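Written below as structure tokens is the structure these notes are about.
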Protein chains: 2
Amino acid sequence: MSKANDQTTGPTARPTAAARGREVRRKLLATAAVLISEAGWNAVTTRTLAERAGVRSGLVHYHFESLPALLRQAALDAMRPALDEAVSVFTAAPTPADGAEALLAALDRYTGRDPESLLFTEAYLAATRDEMLRARLAEMTGRFRARLAAGAERAGHRDPEAAATALMAVLDGFLLHKALDPGLSAARITPLVRGLMTDPSKGEPP
Amino acid sequence: MSKANDQTTGPTARPTAAARGREVRRKLLATAAVLISEAGWNAVTTRTLAERAGVRSGLVHYHFESLPALLRQAALDAMRPALDEAVSVFTAAPTPADGAEALLAALDRYTGRDPESLLFTEAYLAATRDEMLRARLAEMTGRFRARLAAGAERAGHRDPEAAATALMAVLDGFLLHKALDPGLSAARITPLVRGLMTDPSKGEPP
DNA sequence: AGGTAGCTTGGACGAGTGTCCAAGGCGAAT
DNA sequence: ATTCGCCTTGGACACTCGTCCAAGCTACCT
């Protein structure tokens with residue numbers, strides 16, 4: 001008897017139908033994330049999406065309930081690992097200030113170069129007008145904020161949650177401003193951003 | 001002989017054709033700014049715009065070259081006075097830190113309440129994909145940044161331009177985050193934002 | 001062998017889109 | 001009274017949009 005996953009065929013054999021379907025879903029989601037950043041949330045159409053993904057347009061509504069549902073999932077799927085990596089970068093640093101500096105540096109490298117640079121901003125704006133997206137997105141960013149706050153608290157910050165909120169605001173704000181003016185330097189604002197995570201009540205002069 | 005602006009007619013008389021035209025332009029621009037914030041830049045259509053403005057749809061392309069051109073002008077016209085007022089608020093404060101606090105407080109009052117709350121964010125994103133808008137917008141925000149930097153410099157900040165950049169990033173970032181989560185408190189991050197405009201090299205302990 | 005289930009195709013459908021324009025209206029100037 | 005110039009109207013135009021589906025395909029199961 002042969003199991004469903006038997007791959008005893010040749011090296012370049014045709015994948016099973018289910019596997020091809022999975023690949024179509026993956027490509028559509030990945031391409032949608034890029035297009036959202038490139039053209040804007042409301043400018044992603046089924047036809048351009050299918051074309052860029054190398055997929056026939058009829059497949060979009062076979063694999064997904066609707067275009068808005070696809071965009072929601074694409075944005076969330078692309079943001080989750082990005083936020084996870086941000087958490088890693090932050091928690092790997094010895095102090096919250098170093099963590100903030102590392103996050104800013106990572107963001108600086110990311111902006112402009114990455115085809116999904118503006119995905120976060122687009123998703124925030126879209127969430128403003130989409131109840132379901134707002135709930136799922138708020139949960140993800142809430143977890144991120146909690147991680148930042150935990151780091152700030154461990155370092156003895158007076159108001160850790162405020163520090164986390166402020167840090168997230170600078171990061172997303174800087175991302176947006178730098179997209180508009182690539183001349184902006186993350187290095188220049190680094191000392192100021194470090195200051196955000198350093199409790200003002202416990203200054204440490206040289 | 002009668003001058004063009006003779007308004008010797010009754011109290012509720014029909015205005016001159018030119019005046020009505022000016023009013024149509026004004027209404028379209030004002031309504032467009034609201035709709036951009038409400039529905040998103042790419043979701044503003046000629047027909048919904050005309051309807052919300054109380055104007056026949058055929059007038060849109062009589063008074064404006066194209067819908068994109070109208071949106072550009074609407075955004076810039078609405079942002080200019082807002083930025084001017086922000087400059088006033090900032091420069092009226094005795095110190096840059098007080099100015100930053102005042103700006104944040106004003107932003108906090110503005111967010112959510114105002115129907116144009118998200119206009120700035122939408123305009124930034126649109127400028128990313130529209131060369132002409134980017135140039136005009138960069139000029140306006142550049143002037144604003146220069147005013148903030150001048151204030152920081154007068155107070156002896158080590159890197160005034162960086163301070164201005166960081167302050168603008170927090171403001172726009174906080175605006176966006178608060179639109180998503182109205183529970184965010186501007187008051188909580190105020191001391192941290194004040195710190196941005198206070199040169200870290202010259203701490204002033206009580 | 002035939003049957004089944006899932007993926008794929010290409011196009012149809014109606015509702016929307018930005019843009020344009022012939023025709024009409026009306027106050028101001030002559 | 002007539003002309004002039006600008007504003008206004010309502011709809012036509014040629015798209016593009018999201019969604020849907022009948023028909024075909026092919027790997028797998030019995």
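Note on naming: chains are A, B, ... as they come in the structure tokens, residues start from 1 per chain, ligands start from 1 in the order shown.
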Note to self: Set the cut-off to 10 Å and count only C-alpha atoms (C1' of nucleotides): what are the residues of chain A that reach chain C? Output as a ChimeraX atom specification.
What the structure shows: /A:16-21,56-59,62-63
Notebook entry, point to check: Near chain A, which residues of chain D fall within 12 Å when you count only C-alpha atoms (C1' of nucleotides), and what do they look like as a ChimeraX atom specification?
Noted result: /D:16-21,25-30
Go ahead and write the selection's residues with C-alpha atoms (C1' of nucleotides) as a PDB file, in the first residue's frame.
ATOM      1  C1'  DT D  16     -10.866  47.907 -14.479  1.00  0.00           C
ATOM      2  C1'  DC D  17     -12.627  45.916 -10.412  1.00  0.00           C
ATOM      3  C1'  DG D  18     -13.927  41.579  -7.187  1.00  0.00           C
ATOM      4  C1'  DT D  19     -16.300  37.579  -7.632  1.00  0.00           C
ATOM      5  C1'  DC D  20     -17.970  33.484  -9.501  1.00  0.00           C
ATOM      6  C1'  DC D  21     -18.284  29.097 -12.169  1.00  0.00           C
ATOM      7  C1'  DC D  25      -7.194  18.028 -15.661  1.00  0.00           C
ATOM      8  C1'  DT D  26      -4.513  14.520 -13.010  1.00  0.00           C
ATOM      9  C1'  DA D  27      -2.785  12.005  -9.019  1.00  0.00           C
ATOM     10  C1'  DC D  28      -4.708   8.871  -5.991  1.00  0.00           C
ATOM     11  C1'  DC D  29      -8.003   5.191  -4.056  1.00  0.00           C
ATOM     12  C1'  DT D  30     -10.838   1.099  -4.546  1.00  0.00           C
TER      13       DT D  30
END
Item checked: Check: which chain B residues lie within 6 Å of chain A using only C-alpha atoms, as a PyMOL selection string -> chain B and resi 128+162+169-170+172-174+180+188-189+192+196
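From atom CA of Arg25 of chain B back to atom CA of Val55 of chain B, the distance works out to 9.8 Å.
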